[in-house]
Structure formats: structure tokens, C-alpha cells
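Dumped coords.tsv below, it's TSV, C-alpha atoms and all ligand atoms:
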chain	number	residue	atom	x	y	z
A	259	MET	CA	129.33	107.18	43.18
A	260	PRO	CA	130.45	107.88	46.78
A	261	LYS	CA	134.07	107.45	47.78
A	262	ILE	CA	134.73	104.55	50.14
A	263	ALA	CA	136.87	106.66	52.50
A	264	GLU	CA	133.85	108.96	52.96
A	265	LEU	CA	131.51	106.01	53.58
A	266	ILE	CA	133.87	104.66	56.24
A	267	ALA	CA	133.95	108.07	57.90
A	268	GLN	CA	130.13	107.97	58.14
A	269	GLY	CA	129.97	104.65	60.02
A	270	ARG	CA	130.81	100.98	59.73
A	271	THR	CA	130.53	99.52	56.26
A	272	LEU	CA	129.29	96.26	54.79
A	273	SER	CA	130.86	95.14	51.53
A	274	PHE	CA	131.01	92.02	49.39
A	275	GLU	CA	133.74	90.65	47.16
A	276	PHE	CA	133.10	88.80	43.91
A	277	SER	CA	135.37	87.12	41.39
A	278	ALA	CA	135.32	87.78	37.68
A	279	PRO	CA	133.49	84.75	36.16
A	280	ARG	CA	135.30	82.24	33.96
A	281	ASP	CA	132.39	80.80	31.96
A	282	ALA	CA	128.70	81.22	31.10
A	283	GLU	CA	127.46	79.24	34.13
A	284	GLY	CA	129.72	81.34	36.37
A	285	GLU	CA	128.26	84.49	34.80
A	286	ARG	CA	124.71	83.39	35.57
A	287	ARG	CA	125.55	82.52	39.19
A	288	LEU	CA	127.35	85.83	39.63
A	289	SER	CA	124.42	87.84	38.22
A	290	ARG	CA	121.99	86.16	40.63
A	291	SER	CA	124.29	86.78	43.60
A	292	LEU	CA	124.88	90.42	42.64
A	293	GLU	CA	121.15	91.02	42.49
A	294	ARG	CA	120.41	89.33	45.81
A	295	LEU	CA	123.26	90.95	47.72
A	296	SER	CA	122.74	94.41	46.22
A	297	ALA	CA	119.26	94.32	47.82
A	298	LEU	CA	121.01	94.54	51.23
A	299	ARG	CA	122.31	98.01	50.21
A	300	PRO	CA	125.99	97.34	50.98
A	301	ALA	CA	128.40	100.30	51.05
A	302	PHE	CA	130.23	98.78	48.07
A	303	MET	CA	130.85	95.58	46.16
A	304	SER	CA	134.27	94.77	44.71
A	305	VAL	CA	135.41	92.60	41.81
A	306	THR	CA	138.72	90.73	41.62
A	307	TYR	CA	141.12	90.96	38.72
A	308	GLY	CA	142.99	87.83	37.66
A	309	ALA	CA	146.71	88.36	37.99
A	310	GLY	CA	147.66	85.36	35.90
A	311	GLY	CA	146.14	86.73	32.71
A	312	THR	CA	142.98	84.66	33.20
A	313	SER	CA	139.66	86.28	34.11
A	314	ARG	CA	141.10	89.78	33.60
A	315	GLY	CA	138.71	90.79	30.85
A	316	PRO	CA	135.34	90.60	32.64
A	317	THR	CA	136.19	92.84	35.64
A	318	PRO	CA	135.03	96.18	34.11
A	319	GLU	CA	131.82	94.53	32.89
A	320	VAL	CA	131.00	93.18	36.36
A	321	VAL	CA	131.71	96.59	37.91
A	322	ARG	CA	129.35	98.12	35.35
A	323	ASN	CA	126.70	95.59	36.35
A	324	ILE	CA	127.13	96.50	40.04
A	325	ILE	CA	126.76	100.21	39.29
A	326	SER	CA	123.60	99.51	37.28
A	327	LEU	CA	122.16	97.88	40.44
A	328	GLY	CA	122.64	101.19	42.26
A	329	VAL	CA	125.61	100.03	44.37
A	330	THR	CA	129.13	101.52	44.48
A	331	GLY	CA	131.38	99.20	42.46
A	332	MET	CA	135.10	98.92	43.13
A	333	PRO	CA	137.47	97.16	40.74
A	334	HIS	CA	140.58	95.40	42.01
A	335	LEU	CA	143.58	96.20	39.86
A	336	THR	CA	146.79	94.18	40.00
A	337	CYS	CA	149.91	95.81	38.62
A	338	VAL	CA	152.06	92.70	38.14
A	339	SER	CA	152.60	91.93	34.44
A	340	HIS	CA	151.28	95.35	33.40
A	341	THR	CA	153.11	98.30	31.93
A	342	GLN	CA	152.27	101.83	33.10
A	343	GLU	CA	150.51	102.48	29.76
A	344	GLU	CA	148.26	99.44	30.21
A	345	ILE	CA	147.38	100.51	33.75
A	346	GLY	CA	146.66	104.04	32.48
A	347	ALA	CA	144.27	102.66	29.84
A	348	LEU	CA	142.38	100.62	32.46
A	349	LEU	CA	142.08	103.65	34.75
A	350	ASP	CA	140.67	105.64	31.80
A	351	THR	CA	138.09	102.89	31.18
A	352	TYR	CA	136.98	103.01	34.82
A	353	ALA	CA	136.93	106.81	34.94
A	354	ALA	CA	134.62	106.83	31.90
A	355	MET	CA	132.27	104.48	33.80
A	356	GLY	CA	132.08	106.87	36.76
A	357	VAL	CA	134.15	104.66	39.06
A	358	GLU	CA	135.77	106.55	41.95
A	359	ASN	CA	137.26	103.77	44.05
A	360	LEU	CA	140.09	101.34	43.41
A	361	LEU	CA	141.76	98.45	45.25
A	362	ALA	CA	145.42	98.70	44.21
A	363	LEU	CA	147.24	95.37	44.40
A	364	HIS	CA	150.47	93.78	43.38
A	365	GLY	CA	148.91	90.46	42.37
A	366	ASP	CA	150.73	87.16	42.05
A	367	LEU	CA	153.00	86.42	39.11
A	368	PRO	CA	151.45	84.21	36.41
A	369	GLU	CA	152.18	80.50	36.95
A	370	GLY	CA	155.61	79.50	35.71
A	371	THR	CA	156.95	83.07	36.02
A	372	THR	CA	159.38	84.01	38.75
A	373	GLU	CA	160.69	87.39	37.60
A	374	VAL	CA	158.81	90.64	37.02
A	375	PRO	CA	159.66	91.79	33.45
A	376	PRO	CA	161.71	95.02	33.23
A	377	GLY	CA	159.52	98.15	33.21
A	378	HIS	CA	156.67	96.41	35.05
A	379	PHE	CA	155.49	97.28	38.55
A	380	THR	CA	156.97	95.45	41.51
A	381	ARG	CA	154.93	96.87	44.40
A	382	ALA	CA	151.31	97.82	45.00
A	383	ILE	CA	152.44	101.13	46.49
A	384	ASP	CA	153.80	102.14	43.07
A	385	LEU	CA	150.32	101.56	41.61
A	386	VAL	CA	148.85	103.73	44.38
A	387	ALA	CA	151.29	106.53	43.43
A	388	LEU	CA	150.47	106.23	39.72
A	389	ALA	CA	146.71	106.27	40.35
A	390	ARG	CA	147.00	109.23	42.75
A	391	GLY	CA	148.81	111.21	40.06
A	392	ARG	CA	145.90	110.79	37.63
A	393	ILE	CA	142.68	110.59	39.61
A	394	GLY	CA	141.13	111.90	42.82
A	395	TRP	CA	139.71	108.51	43.77
A	396	SER	CA	139.54	106.70	47.06
A	397	ILE	CA	142.32	104.12	46.92
A	398	GLY	CA	142.49	100.96	49.01
A	399	VAL	CA	145.26	98.40	49.43
A	400	ALA	CA	145.53	94.79	50.64
A	401	ALA	CA	146.50	93.98	54.21
A	402	HIS	CA	147.80	90.61	55.34
A	403	PRO	CA	147.23	90.45	59.13
A	404	GLU	CA	149.07	87.13	59.45
A	405	GLY	CA	151.95	88.34	57.29
A	406	HIS	CA	152.58	87.79	53.61
A	407	PRO	CA	154.40	84.62	52.54
A	408	LYS	CA	156.89	86.77	50.58
A	409	ALA	CA	157.84	88.98	53.54
A	410	ALA	CA	161.49	88.59	54.54
A	411	SER	CA	160.51	88.73	58.24
A	412	VAL	CA	157.53	89.68	60.40
A	413	GLU	CA	159.02	93.12	61.06
A	414	ALA	CA	159.89	93.73	57.38
A	415	GLY	CA	156.34	92.76	56.41
A	416	LEU	CA	154.82	95.13	58.98
A	417	ASP	CA	157.10	98.00	57.90
A	418	HIS	CA	156.15	97.30	54.28
A	419	HIS	CA	152.46	97.40	55.22
A	420	ALA	CA	152.87	100.60	57.25
A	421	GLN	CA	154.42	102.37	54.26
A	422	LYS	CA	151.72	101.09	51.91
A	423	LEU	CA	148.77	101.83	54.22
A	424	ALA	CA	150.09	105.35	54.90
A	425	ALA	CA	149.84	106.00	51.15
A	426	ALA	CA	146.26	104.64	50.90
A	427	ASP	CA	142.80	105.78	52.01
A	428	PHE	CA	141.79	102.40	53.42
A	429	ALA	CA	142.88	98.77	53.49
A	430	ILE	CA	141.02	95.47	53.21
A	431	THR	CA	142.45	92.37	54.85
A	432	GLN	CA	143.02	88.90	53.59
A	433	PHE	CA	140.49	86.55	55.22
A	434	PHE	CA	141.44	85.19	58.63
A	435	PHE	CA	139.66	83.21	61.34
A	436	ARG	CA	141.03	84.58	64.62
A	437	ALA	CA	140.18	88.15	65.65
A	438	GLU	CA	143.49	88.52	67.52
A	439	HIS	CA	145.41	88.53	64.19
A	440	TYR	CA	143.42	91.59	63.14
A	441	ALA	CA	143.85	93.35	66.50
A	442	ARG	CA	147.61	92.73	66.51
A	443	PHE	CA	147.96	94.02	62.95
A	444	VAL	CA	146.02	97.23	63.64
A	445	GLU	CA	148.09	97.77	66.80
A	446	ALA	CA	151.32	97.27	64.85
A	447	MET	CA	150.22	99.89	62.31
A	448	ALA	CA	149.26	102.34	65.08
A	449	ALA	CA	152.65	101.76	66.73
A	450	ARG	CA	154.19	102.89	63.42
A	451	GLY	CA	151.99	106.00	63.37
A	452	VAL	CA	149.60	104.64	60.69
A	453	HIS	CA	145.86	104.96	61.35
A	454	THR	CA	144.45	104.17	57.90
A	455	PRO	CA	141.07	102.36	58.37
A	456	VAL	CA	141.45	98.59	57.96
A	457	ILE	CA	138.28	96.83	56.79
A	458	ALA	CA	138.27	93.21	58.00
A	459	GLY	CA	137.83	90.53	55.32
A	460	ILE	CA	135.87	87.49	56.47
A	461	MET	CA	135.13	84.26	54.63
A	462	PRO	CA	132.35	81.96	55.82
A	463	PRO	CA	134.20	78.59	55.74
A	464	THR	CA	131.70	76.58	53.73
A	465	ASN	CA	134.11	74.79	51.43
A	466	ILE	CA	136.54	72.80	53.61
A	467	GLU	CA	139.04	71.85	50.92
A	468	GLY	CA	138.94	75.14	48.96
A	469	ILE	CA	139.51	77.22	52.08
A	470	GLY	CA	142.27	74.87	53.24
A	471	ARG	CA	144.06	75.39	49.90
A	472	MET	CA	143.66	79.18	49.97
A	473	ALA	CA	144.68	79.40	53.63
A	474	ALA	CA	147.83	77.38	52.92
A	475	LEU	CA	148.71	79.68	50.00
A	476	ASN	CA	148.16	82.87	52.00
A	477	GLY	CA	149.73	81.67	55.23
A	478	THR	CA	146.34	81.97	56.97
A	479	GLU	CA	145.78	79.90	60.12
A	480	TYR	CA	142.86	77.49	59.59
A	481	PRO	CA	141.90	76.68	63.19
A	482	ARG	CA	141.59	72.98	64.02
A	483	GLU	CA	138.39	73.54	65.98
A	484	ILE	CA	136.63	75.05	62.94
A	485	LEU	CA	137.89	72.26	60.69
A	486	ALA	CA	136.73	69.65	63.26
A	487	ARG	CA	133.23	71.18	63.41
A	488	LEU	CA	132.96	71.16	59.62
A	489	GLU	CA	134.28	67.61	59.31
A	490	ALA	CA	131.84	66.38	61.95
A	491	ALA	CA	129.00	67.55	59.67
A	492	GLY	CA	130.21	65.07	57.02
A	493	ASP	CA	128.40	65.41	53.69
A	494	ASP	CA	125.47	67.31	55.18
A	495	VAL	CA	125.74	70.49	53.10
A	496	ASP	CA	123.05	72.35	55.08
A	497	ALA	CA	124.72	71.56	58.40
A	498	ARG	CA	128.06	72.77	57.05
A	499	ARG	CA	126.47	75.98	55.80
A	500	LEU	CA	124.99	76.63	59.27
A	501	ILE	CA	128.41	76.08	60.87
A	502	ALA	CA	130.04	78.46	58.36
A	503	ILE	CA	127.37	81.10	59.10
A	504	ASP	CA	127.84	80.64	62.85
A	505	GLU	CA	131.65	80.91	62.66
A	506	ALA	CA	131.59	83.98	60.39
A	507	THR	CA	128.90	85.68	62.50
A	508	ARG	CA	130.86	85.17	65.71
A	509	LEU	CA	134.08	86.44	64.15
A	510	GLY	CA	132.25	89.45	62.67
A	511	GLU	CA	130.70	90.30	66.06
A	512	THR	CA	134.09	90.19	67.77
A	513	LEU	CA	135.69	92.35	65.07
A	514	LEU	CA	132.95	94.98	65.13
A	515	ALA	CA	133.06	95.06	68.94
A	516	ALA	CA	136.83	95.57	68.67
A	517	GLY	CA	136.26	98.63	66.46
A	518	ALA	CA	136.71	97.30	62.90
A	519	PRO	CA	135.44	100.11	60.61
A	520	GLY	CA	133.72	97.62	58.32
A	521	LEU	CA	133.39	94.01	57.22
A	522	HIS	CA	134.17	92.79	53.72
A	523	ILE	CA	132.60	89.38	53.05
A	524	TYR	CA	134.33	87.10	50.55
A	525	THR	CA	131.31	85.60	48.75
A	526	MET	CA	132.95	83.16	46.28
A	527	ASN	CA	130.09	84.45	44.07
A	528	PHE	CA	127.38	82.79	46.21
A	529	SER	CA	124.72	84.97	47.86
A	530	GLU	CA	124.49	82.55	50.79
A	531	PRO	CA	125.89	82.39	53.42
A	532	ALA	CA	127.07	86.03	52.96
A	533	ARG	CA	123.51	87.36	53.11
A	534	THR	CA	122.64	85.60	56.38
A	535	VAL	CA	125.93	86.62	58.02
A	536	ALA	CA	125.33	90.28	57.07
A	537	ARG	CA	121.78	90.10	58.47
A	538	ASN	CA	122.90	88.37	61.68
A	539	LEU	CA	125.39	91.18	62.25
A	540	GLY	CA	122.74	93.87	61.71
A	541	LEU	CA	124.72	95.30	58.78
A	542	ALA	CA	122.14	94.62	56.06
B	601	LIG	P1	152.56	94.36	47.91
B	601	LIG	O1	152.12	95.14	49.07
B	601	LIG	O2	153.12	95.10	46.78
B	601	LIG	O3	153.67	93.35	48.39
B	601	LIG	C1	153.62	92.01	48.34
B	601	LIG	C2	154.15	91.41	49.64
B	601	LIG	O4	155.51	91.16	49.45
B	601	LIG	C3	154.06	92.29	50.87
B	601	LIG	O5	152.91	92.06	51.60
B	601	LIG	C4	155.28	92.00	51.63
B	601	LIG	O6	155.08	90.99	52.60
B	601	LIG	C5	156.25	91.53	50.57
B	601	LIG	N1	157.12	92.64	50.20
B	601	LIG	C6	157.17	93.26	49.02
B	601	LIG	N2	158.09	94.23	49.03
B	601	LIG	C7	158.64	94.22	50.26
B	601	LIG	C8	159.65	94.97	50.88
B	601	LIG	N3	160.30	95.94	50.23
B	601	LIG	N4	159.96	94.70	52.17
B	601	LIG	C9	159.34	93.73	52.82
B	601	LIG	N5	158.37	92.98	52.28
B	601	LIG	C10	158.04	93.21	51.01
B	601	LIG	N6	145.25	89.03	43.74
B	601	LIG	C11	144.85	89.07	42.45
B	601	LIG	O7	145.57	88.56	41.59
B	601	LIG	N7	143.68	89.67	42.07
B	601	LIG	C12	142.85	90.25	42.96
B	601	LIG	O8	141.81	90.79	42.60
B	601	LIG	C13	143.23	90.22	44.35
B	601	LIG	N8	142.44	90.79	45.29
B	601	LIG	C14	142.86	90.80	46.59
B	601	LIG	C15	142.06	91.44	47.56
B	601	LIG	C16	142.46	91.49	48.89
B	601	LIG	C17	141.58	92.20	49.91
B	601	LIG	C18	143.68	90.85	49.29
B	601	LIG	C19	144.11	90.89	50.73
B	601	LIG	C20	144.47	90.21	48.35
B	601	LIG	C21	144.09	90.18	47.00
B	601	LIG	N9	144.87	89.56	46.01
B	601	LIG	C22	144.47	89.59	44.70
B	601	LIG	C23	146.10	88.84	46.37
B	601	LIG	C24	147.36	89.73	46.30
B	601	LIG	O9	147.53	90.21	44.98
B	601	LIG	C25	148.55	88.88	46.71
B	601	LIG	O10	148.46	88.58	48.09
B	601	LIG	C26	149.89	89.45	46.37
B	601	LIG	O11	150.90	88.43	46.58
B	601	LIG	C27	150.30	90.63	47.25
B	601	LIG	O12	149.68	91.76	46.82
B	601	LIG	P2	149.84	93.14	47.63
B	601	LIG	O13	149.05	94.14	46.90
B	601	LIG	O14	149.63	92.97	49.07
B	601	LIG	O15	151.42	93.40	47.34
Could you show the structure in this file as C-alpha cells?
Amino acid sequence: MPKIAELIAQGRTLSFEFSAPRDAEGERRLSRSLERLSALRPAFMSVTYGAGGTSRGPTPEVVRNIISLGVTGMPHLTCVSHTQEEIGALLDTYAAMGVENLLALHGDLPEGTTEVPPGHFTRAIDLVALARGRIGWSIGVAAHPEGHPKAASVEAGLDHHAQKLAAADFAITQFFFRAEHYARFVEAMAARGVHTPVIAGIMPPTNIEGIGRMAALNGTEYPREILARLEAAGDDVDARRLIAIDEATRLGETLLAAGAPGLHIYTMNFSEPARTVARNLGLA
């Protein structure tokens, strides 16, 4: 399987993100979406890993499924609530599957927990260091262009990111809706001497309430004009889907024109509207 850093070096990348399914119906929907989106020959497809203990198990299986479709599969791995031994065992599992790429994350603490248990990881960068010591993989990290809610200040958050990105081969951003957040973040990294490629994460805003909840959690700006367009469509699901495609396509065009090395589409395990957005952008 190719390394993502090498794919980025060859030209702009298209990638899709999927979540580990929680039940049998979710599994069926995911399988259909993996098949349909793999036909677009993306550079890679990634699979989330539930930090709260839920939906952790299926991630290796979904990555295996992606590889069997002939696409590079990248697992997300969160280090919160894991010991070094547990992380080592997961890396061994992936190495045995032929995986050569990893998205190293901190993850959020399980609900009801406020303290990281002694001996557990506290920062994604420590997971990057552990993985580097064992494997010659391409290692990515998360970027939060609008800041992370836990950052003590904007500057502290940017310094934290600069240190983490400098240790990684690439980064993938949280979803955002305004291209200027991405541009400002990349500039702030460059000003700190960090030029690690930052793949832009985009989410077609189909689900008004779900995206509103996620945006509030992540500290992502949910522009009023997008919300107003979606609300004006009322219960017309097709109209909303067209608006989501239009918004994501326009954002993607701006980001690619601004030099983003790739686009990572958050699919929510649906093949549409991700497929149409990728085609509109000429990435498929
Ligand atoms: P870290 O970089 O370790 O840090 C967390 C944040 O805390 C920092 O961004 C920073 O603002 C602050 N911080 C920590 N230490 C310092 C410091 N010393 N100084 C200043 N600030 C500090 N979660 C999952 O559970 N499973 C997934 O599969 C998953 N996939 C994701 C994929 C992407 C592309 C993104 C962007 C996020 C994903 N997340 C996932 C969410 C992520 O785990 C959370 O946002 C988490 O709270 C932060 O993880 P991180 O790896 O950025 O953490």
C-alpha cells in the first residue's frame, strides 16, 4: 500500500472518511458506500476509532474491507484511555494487515471521565513518537484550523499544532466552512517554520441539526448564510442535498485554488453527496 506522504508529493489527493459502524444496518450502509466511493479511485479512505470505548472494535475490519477493494486504508488511532502496550498490540495488528499509514489522535475522554488515568497518553504527539519508534509508516495528525476548545489561548493552540505537525508527515483538518480559516492556519504554521502538508477536511452540510451539534462541540463556525439556505429548503431532502453539494463544491474549489494539497471528505458513511462533490471538483 502506498504511503500517504508519497501520494501527496505526487499531486493533490482525494480521500474519504468513514465511521466504524455501530450495528448491522450501519454495517450494510457502510459496505455500500465503501464500494461506491472506492470506484472513484481515491488516494485513501480512513476509518475513525471511537475514543469513548464504543465502536472501537470494528475499525481494523473496515480497514481490511477498504484494502480488499484495492484502496489504501488508513486507521485512525486515539491514544486516550490506552496504555502503551495496548497501542503496540493495535499497531502490530495493522502491520500484519499491510497497513502503512496512520492518523494519530488524542481522542476525547470517555463520557463522565475528566482525568487521563496514570500511565496513559495525554497528547497525540506522544502517539506519533511511539509509532515512529516501531514502524516506518506515514503518520498524520489532526489539525483544528479554528482552534481546539481545550487550547488555553489561540497562540498556545497554534504553538501546540506547530510542534505536533512538525513531528508528522501530514495533517488532516477538522471540517470547517470558511476557506479563510484554513488559509490563516496554514500561514500560522509557515510563520512557525512548519510546512507539513495540511489536507483540508470538508463536510457537505446535509444534516442541519447533526452538523450544528458537531460544529458547537468542535468550535467550528456554522455560517448563518449556509444555515439560512438549508432552512429555506424546509423538509425537501433533495433540495437540501443539492445545497450541501453546492456549498461543499464551492469551498473545495476555493481551497484547491488556494493550494490545499488534498481534500478529505467527511462522508458520514453515505456515498452521496461525497461522490458528486468529488466529481464536481474533478478529483474523481
Ligand atoms: P492533541 O493534539 O493531543 O491535543 C488536543 C488539543 O488540546 C490541542 O489541539 C490543543 O488545543 C490542546 N492542547 C493539548 N496540549 C496542549 C498544550 N500543551 N498546549 C496548548 N494546547 C494544548 N476522535 C476520535 O475519538 N476518534 C477519531 O477517529 C477521530 N478522528 C478525527 C479525525 C480528524 C481529521 C480530526 C480533526 C479529529 C478527529 N477526532 C477523532 C477528534 C479528536 O480526537 C479530538 O478533537 C481531540 O479532542 C483532540 O485530538 P488531537 O489529536 O488533536 O489532540
Long-range neighbours of Glu467 of chain A as a PyMOL selection string, 12 Å cut-off, only C-alpha atoms, 3 positions minimum in chain: chain A and resi 463-464+470-474+480+485+488-489
Grab me every residue within 6 Å of ligand LIG 601 (chain B), counting all atoms listed in the file, and send it over as a CSV table (one decimal) with C-alpha atoms, keeping the file's coordinate frame.
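This went into out-v9.csv:
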chain,number,residue,atom,x,y,z
A,306,THR,CA,138.7,90.7,41.6
A,307,TYR,CA,141.1,91.0,38.7
A,308,GLY,CA,143.0,87.8,37.7
A,309,ALA,CA,146.7,88.4,38.0
A,334,HIS,CA,140.6,95.4,42.0
A,336,THR,CA,146.8,94.2,40.0
A,363,LEU,CA,147.2,95.4,44.4
A,364,HIS,CA,150.5,93.8,43.4
A,365,GLY,CA,148.9,90.5,42.4
A,366,ASP,CA,150.7,87.2,42.0
A,381,ARG,CA,154.9,96.9,44.4
A,382,ALA,CA,151.3,97.8,45.0
A,400,ALA,CA,145.5,94.8,50.6
A,401,ALA,CA,146.5,94.0,54.2
A,402,HIS,CA,147.8,90.6,55.3
A,406,HIS,CA,152.6,87.8,53.6
A,408,LYS,CA,156.9,86.8,50.6
A,409,ALA,CA,157.8,89.0,53.5
A,410,ALA,CA,161.5,88.6,54.5
A,414,ALA,CA,159.9,93.7,57.4
A,415,GLY,CA,156.3,92.8,56.4
A,418,HIS,CA,156.2,97.3,54.3
A,430,ILE,CA,141.0,95.5,53.2
A,431,THR,CA,142.4,92.4,54.8
A,432,GLN,CA,143.0,88.9,53.6
Residue nearest Gly459 of chain A among A:Leu348, A:Phe428, A:Tyr524, A:His340 (counting only C-alpha atoms):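 Under the stated criterion, the closest residue is A:Tyr524.
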Among listed residues A:Ser277, A:Asn465, A:Thr371, A:Asn527, nearest Ser339 of chain A (using only C-alpha atoms):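 Going through A:Ser277, A:Asn465, A:Thr371, A:Asn527 one by one, the smallest distance to Ser339 of chain A is for A:Thr371.
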Computed interatomic separation between atom CA of Arg280 of chain A and atom CA of Thr330 of chain A (Å): 22.8 Å
d(atom CA of Gly492 of chain A, atom CA of Glu404 of chain A) in Å: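 So the two atoms, atom CA of Gly492 of chain A and atom CA of Glu404 of chain A, lie 29.1 Å apart.
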Nearest residue to Ile503 of chain A from the set A:Arg390, A:Arg537, A:His439, A:Arg270 (distances using only C-alpha atoms):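 Among the listed residues, the smallest separation from Ile503 of chain A belongs to A:Arg537.
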Atomic distance atom CA of Pro462 of chain A - atom CA of Asp281 of chain A, expressed in Å with one decimal: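 Atom-to-atom, atom CA of Pro462 of chain A and atom CA of Asp281 of chain A are spaced 23.9 Å apart.
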Proximity to Cys337 of chain A - best of A:Ala389, A:Ala515, A:Ala536, A:Ala267, all atoms listed in the file: A:Ala389
Counting all atoms listed in the file, the option among A:Ile397, A:Met259, A:Leu349, A:Ile501 closest to Ile324 of chain A: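 Ranking A:Ile397, A:Met259, A:Leu349, A:Ile501 by distance to Ile324 of chain A, first place goes to A:Met259.
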Best match for closeness to Phe276 of chain A among A:Ala516, A:Val305, A:Ser291, A:Asn476, counting all atoms listed in the file: A:Val305
Within 9 Å of Gln342 of chain A using only C-alpha atoms, minus same-chain residues under 2 positions, as a list in words: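 Skipping anything fewer than 2 positions along the chain leaves Cys337, His340, Glu344, Ile345, Gly346, Ala347, Gly377, His378, Phe379, Leu385 and Leu388 of chain A.
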Residues as selected, C-alpha atoms, written as a short mmCIF file (atom, residue, chain, number, x, y, z; two decimals), in the coordinates of the input, can you do that?
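The new file again_20.cif reads:
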data_model
loop_
_atom_site.label_atom_id
_atom_site.label_comp_id
_atom_site.auth_asym_id
_atom_site.auth_seq_id
_atom_site.Cartn_x
_atom_site.Cartn_y
_atom_site.Cartn_z
CA CYS A 337 149.91 95.81 38.62
CA HIS A 340 151.28 95.35 33.40
CA GLU A 344 148.26 99.44 30.21
CA ILE A 345 147.38 100.51 33.75
CA GLY A 346 146.66 104.04 32.48
CA ALA A 347 144.27 102.66 29.84
CA GLY A 377 159.52 98.15 33.21
CA HIS A 378 156.67 96.41 35.05
CA PHE A 379 155.49 97.28 38.55
CA LEU A 385 150.32 101.56 41.61
CA LEU A 388 150.47 106.23 39.72
#
